[in-house]
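Colleague: Sharing model_19.pdb below, PDB, C-alpha atoms:
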```
MODEL        1
ATOM      1  CA  MET A 399     -12.725  -2.526  12.490  1.00  0.00           C
ATOM      2  CA  LEU A 400     -11.928   0.874  13.979  1.00  0.00           C
ATOM      3  CA  ASP A 401      -8.767   2.768  14.733  1.00  0.00           C
ATOM      4  CA  ASN A 402     -10.047   5.693  16.841  1.00  0.00           C
ATOM      5  CA  THR A 403     -10.409   8.138  13.966  1.00  0.00           C
ATOM      6  CA  SER A 404     -13.407  10.418  13.980  1.00  0.00           C
ATOM      7  CA  SER A 405     -14.542   9.371  10.506  1.00  0.00           C
ATOM      8  CA  ASN A 406     -14.826   5.749  11.642  1.00  0.00           C
ATOM      9  CA  ASN A 407     -16.725   6.824  14.750  1.00  0.00           C
ATOM     10  CA  MET A 408     -19.141   8.824  12.624  1.00  0.00           C
ATOM     11  CA  ALA A 409     -19.725   5.847  10.316  1.00  0.00           C
ATOM     12  CA  VAL A 410     -20.459   3.524  13.234  1.00  0.00           C
ATOM     13  CA  ASP A 411     -22.765   6.097  14.830  1.00  0.00           C
ATOM     14  CA  LEU A 412     -24.709   6.459  11.584  1.00  0.00           C
ATOM     15  CA  ILE A 413     -25.056   2.699  11.134  1.00  0.00           C
ATOM     16  CA  LEU A 414     -26.177   2.184  14.722  1.00  0.00           C
ATOM     17  CA  LYS A 415     -28.692   5.039  14.548  1.00  0.00           C
ATOM     18  CA  THR A 416     -30.093   3.581  11.323  1.00  0.00           C
ATOM     19  CA  LEU A 417     -30.427   0.083  12.741  1.00  0.00           C
ATOM     20  CA  TYR A 418     -31.464   1.064  16.266  1.00  0.00           C
ATOM     21  CA  LEU A 419     -33.500   4.261  16.239  1.00  0.00           C
ATOM     22  CA  LYS A 420     -33.619   4.643  20.034  1.00  0.00           C
ATOM     23  CA  ILE A 421     -29.994   3.819  20.846  1.00  0.00           C
ATOM     24  CA  LEU A 422     -28.328   6.021  23.459  1.00  0.00           C
ATOM     25  CA  LYS A 423     -24.815   7.513  23.136  1.00  0.00           C
ATOM     26  CA  LYS A 424     -23.620   5.351  26.021  1.00  0.00           C
ATOM     27  CA  GLN A 425     -24.880   2.238  24.240  1.00  0.00           C
ATOM     28  CA  GLN A 426     -23.147   3.300  21.018  1.00  0.00           C
ATOM     29  CA  LYS A 427     -19.774   3.386  22.775  1.00  0.00           C
ATOM     30  CA  HIS A 428     -20.178  -0.278  23.794  1.00  0.00           C
ATOM     31  CA  CYS A 429     -20.671  -1.298  20.159  1.00  0.00           C
ATOM     32  CA  GLN A 430     -17.287  -0.067  18.960  1.00  0.00           C
ATOM     33  CA  LEU A 431     -14.189  -2.266  18.786  1.00  0.00           C
ATOM     34  CA  TRP A 432     -11.157  -0.077  19.346  1.00  0.00           C
ATOM     35  CA  CYS A 433      -7.911  -1.048  17.635  1.00  0.00           C
ATOM     36  CA  LEU A 434      -9.151  -4.540  16.853  1.00  0.00           C
ATOM     37  CA  SER A 435      -6.617  -5.112  14.082  1.00  0.00           C
ATOM     38  CA  TYR A 436      -3.748  -4.349  16.478  1.00  0.00           C
ATOM     39  CA  ILE A 437      -5.088  -6.763  19.098  1.00  0.00           C
ATOM     40  CA  VAL A 438      -5.624  -9.526  16.536  1.00  0.00           C
ATOM     41  CA  ASN A 439      -2.089  -8.953  15.246  1.00  0.00           C
ATOM     42  CA  LEU A 440      -0.628  -9.383  18.747  1.00  0.00           C
ATOM     43  CA  TYR A 441      -2.586 -12.602  19.315  1.00  0.00           C
ATOM     44  CA  ALA A 442      -1.524 -13.964  15.925  1.00  0.00           C
ATOM     45  CA  GLN A 443       2.134 -13.208  16.665  1.00  0.00           C
ATOM     46  CA  ALA A 444       1.925 -14.921  20.053  1.00  0.00           C
ATOM     47  CA  PHE A 445       0.204 -17.933  18.517  1.00  0.00           C
ATOM     48  CA  LEU A 446       2.604 -18.284  15.580  1.00  0.00           C
ATOM     49  CA  LEU A 447       5.864 -17.239  17.219  1.00  0.00           C
ATOM     50  CA  GLY A 448       5.384 -18.264  20.851  1.00  0.00           C
ATOM     51  CA  LYS A 449       6.121 -16.429  24.070  1.00  0.00           C
ATOM     52  CA  LYS A 450       9.200 -14.670  22.672  1.00  0.00           C
ATOM     53  CA  ALA A 451       7.407 -13.148  19.664  1.00  0.00           C
ATOM     54  CA  ASP A 452       9.143  -9.772  20.021  1.00  0.00           C
ATOM     55  CA  THR A 453      12.617 -11.322  20.020  1.00  0.00           C
ATOM     56  CA  THR A 454      11.760 -13.596  17.108  1.00  0.00           C
ATOM     57  CA  LEU A 455      10.433 -10.672  15.069  1.00  0.00           C
ATOM     58  CA  GLU A 456      13.611  -8.681  15.698  1.00  0.00           C
ATOM     59  CA  GLU A 457      15.723 -11.654  14.597  1.00  0.00           C
ATOM     60  CA  LEU A 458      13.621 -12.009  11.443  1.00  0.00           C
ATOM     61  CA  LYS A 459      13.957  -8.296  10.619  1.00  0.00           C
ATOM     62  CA  LEU A 460      17.713  -8.423  11.095  1.00  0.00           C
ATOM     63  CA  ALA A 461      18.068 -11.563   8.983  1.00  0.00           C
ATOM     64  CA  TYR A 462      15.900 -10.046   6.255  1.00  0.00           C
ATOM     65  CA  SER A 463      17.915  -6.811   6.196  1.00  0.00           C
ATOM     66  CA  ARG A 464      21.059  -8.921   5.734  1.00  0.00           C
ATOM     67  CA  HIS A 465      19.372 -11.082   3.061  1.00  0.00           C
ATOM     68  CA  ASN A 466      20.081 -14.142   5.213  1.00  0.00           C
ATOM     69  CA  PHE A 467      17.211 -16.278   3.928  1.00  0.00           C
ATOM     70  CA  LYS A 468      18.653 -19.505   5.349  1.00  0.00           C
ATOM     71  CA  LEU A 469      18.342 -18.091   8.871  1.00  0.00           C
ATOM     72  CA  ILE A 470      14.807 -16.915   8.117  1.00  0.00           C
ATOM     73  CA  ALA A 471      13.876 -20.430   7.022  1.00  0.00           C
ATOM     74  CA  LYS A 472      15.228 -21.837  10.313  1.00  0.00           C
ATOM     75  CA  ILE A 473      13.281 -19.392  12.460  1.00  0.00           C
TER      76      ILE A 473
ENDMDL
END
```
Would you mind writing the file's structure down as C-alpha coordinates?
Modeller:
Amino acid sequence: MLDNTSSNNMAVDLILKTLYLKILKKQQKHCQLWCLSYIVNLYAQAFLLGKKADTTLEELKLAYSRHNFKLIAKI
(Lines of atoms letter the chains of each structure in order from A and count residues from 1; the text may use other names and numbers.)
(Lines give C-alpha, C1' and ligand atoms only; values in the text may rest on other atoms or scores of the structure.)
Protein backbone atom coordinates (compact mmCIF):
# COMPACT_ATOMS: atom_id res chain seq x y z
CA MET A 1 0.00 0.00 0.00
CA LEU A 2 1.51 3.32 -1.04
CA ASP A 3 0.72 6.93 -0.34
CA ASN A 4 2.96 8.76 -2.85
CA THR A 5 5.87 9.31 -0.47
CA SER A 6 9.35 8.91 -1.86
CA SER A 7 10.38 6.36 0.77
CA ASN A 8 7.56 4.04 -0.31
CA ASN A 9 8.52 4.51 -3.96
CA MET A 10 12.12 3.63 -3.16
CA ALA A 11 11.04 0.48 -1.30
CA VAL A 12 8.88 -0.68 -4.20
CA ASP A 13 11.65 0.07 -6.70
CA LEU A 14 14.13 -1.97 -4.66
CA ILE A 15 11.75 -4.92 -4.35
CA LEU A 16 10.92 -4.89 -8.05
CA LYS A 17 14.59 -4.63 -9.06
CA THR A 18 15.40 -7.56 -6.77
CA LEU A 19 12.62 -9.74 -8.13
CA TYR A 20 12.85 -8.65 -11.77
CA LEU A 21 16.42 -7.79 -12.70
CA LYS A 22 15.57 -6.42 -16.16
CA ILE A 23 12.50 -4.36 -15.26
CA LEU A 24 12.26 -0.94 -16.90
CA LYS A 25 11.30 2.29 -15.08
CA LYS A 26 8.09 2.49 -17.09
CA GLN A 27 7.16 -1.03 -16.00
CA GLN A 28 7.89 -0.17 -12.37
CA LYS A 29 5.34 2.65 -12.44
CA HIS A 30 2.61 0.19 -13.47
CA CYS A 31 3.32 -1.97 -10.42
CA GLN A 32 2.52 0.72 -7.86
CA LEU A 33 -0.91 1.19 -6.29
CA TRP A 34 -1.35 4.85 -5.49
CA CYS A 35 -3.49 5.78 -2.49
CA LEU A 36 -5.02 2.32 -2.29
CA SER A 37 -6.11 2.73 1.33
CA TYR A 38 -8.06 5.88 0.45
CA ILE A 39 -9.83 4.16 -2.45
CA VAL A 40 -10.70 1.11 -0.35
CA ASN A 41 -12.03 3.42 2.37
CA LEU A 42 -14.34 5.18 -0.11
CA TYR A 43 -15.66 1.86 -1.44
CA ALA A 44 -16.23 0.56 2.09
CA GLN A 45 -18.15 3.71 3.04
CA ALA A 46 -20.33 3.46 -0.06
CA PHE A 47 -20.99 -0.22 0.61
CA LEU A 48 -21.78 0.20 4.31
CA LEU A 49 -23.53 3.56 4.27
CA GLY A 50 -25.13 3.68 0.82
CA LYS A 51 -25.26 6.43 -1.76
CA LYS A 52 -25.42 9.22 0.83
CA ALA A 53 -22.27 8.15 2.70
CA ASP A 54 -20.99 11.72 3.09
CA THR A 55 -24.23 12.93 4.66
CA THR A 56 -24.44 9.90 6.93
CA LEU A 57 -20.86 10.40 8.12
CA GLU A 58 -21.55 14.05 8.93
CA GLU A 59 -24.65 13.05 10.91
CA LEU A 60 -22.63 10.44 12.80
CA LYS A 61 -19.88 12.95 13.63
CA LEU A 62 -22.41 15.48 14.87
CA ALA A 63 -24.24 12.90 16.97
CA TYR A 64 -20.96 11.66 18.43
CA SER A 65 -19.82 15.19 19.32
CA ARG A 66 -23.12 15.66 21.17
CA HIS A 67 -22.82 12.23 22.85
CA ASN A 68 -26.15 11.27 21.29
CA PHE A 69 -25.55 7.52 21.20
CA LYS A 70 -29.22 6.69 20.62
CA LEU A 71 -29.12 8.56 17.31
CA ILE A 72 -25.87 6.81 16.39
CA ALA A 73 -27.51 3.44 17.02
CA LYS A 74 -30.39 4.39 14.69
CA ILE A 75 -28.11 5.46 11.87
Colleague: Taking all atoms listed in the file into account, which of A:Leu417, A:Ile473, A:Ala442, A:Met408 comes nearest Glu457 of chain A?
Modeller: A:Ile473
Colleague: So which residues touch Leu460 of chain A within 10 Å, counting all atoms listed in the file, skipping near sequence neighbours fewer than 5 positions away, as a PyMOL selection string?
Modeller: chain A and resi 454-455+465-466+469-470
Colleague: Distance atom CA of Lys472 of chain A-atom CA of Ala451 of chain A, one decimal place?
Modeller: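 Interatomic distance here is 15.0 Å.
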Colleague: Give me, please, the distance in Å between atom CA of Leu447 of chain A and atom CA of Ala471 of chain A, quoted to one decimal.
Modeller: 13.4 Å
Colleague: Could you pull the residues within 9 Å of Asp411 of chain A, counting all atoms listed in the file, minus those fewer than 6 positions along the same chain, as a list in words?
Modeller: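 In the requested form, the answer reads Lys423, Gln426 and Lys427 of chain A.
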Colleague: Atom CA of Lys468 of chain A and atom CA of Val438 of chain A are how many Å apart?
Modeller: 28.5 Å
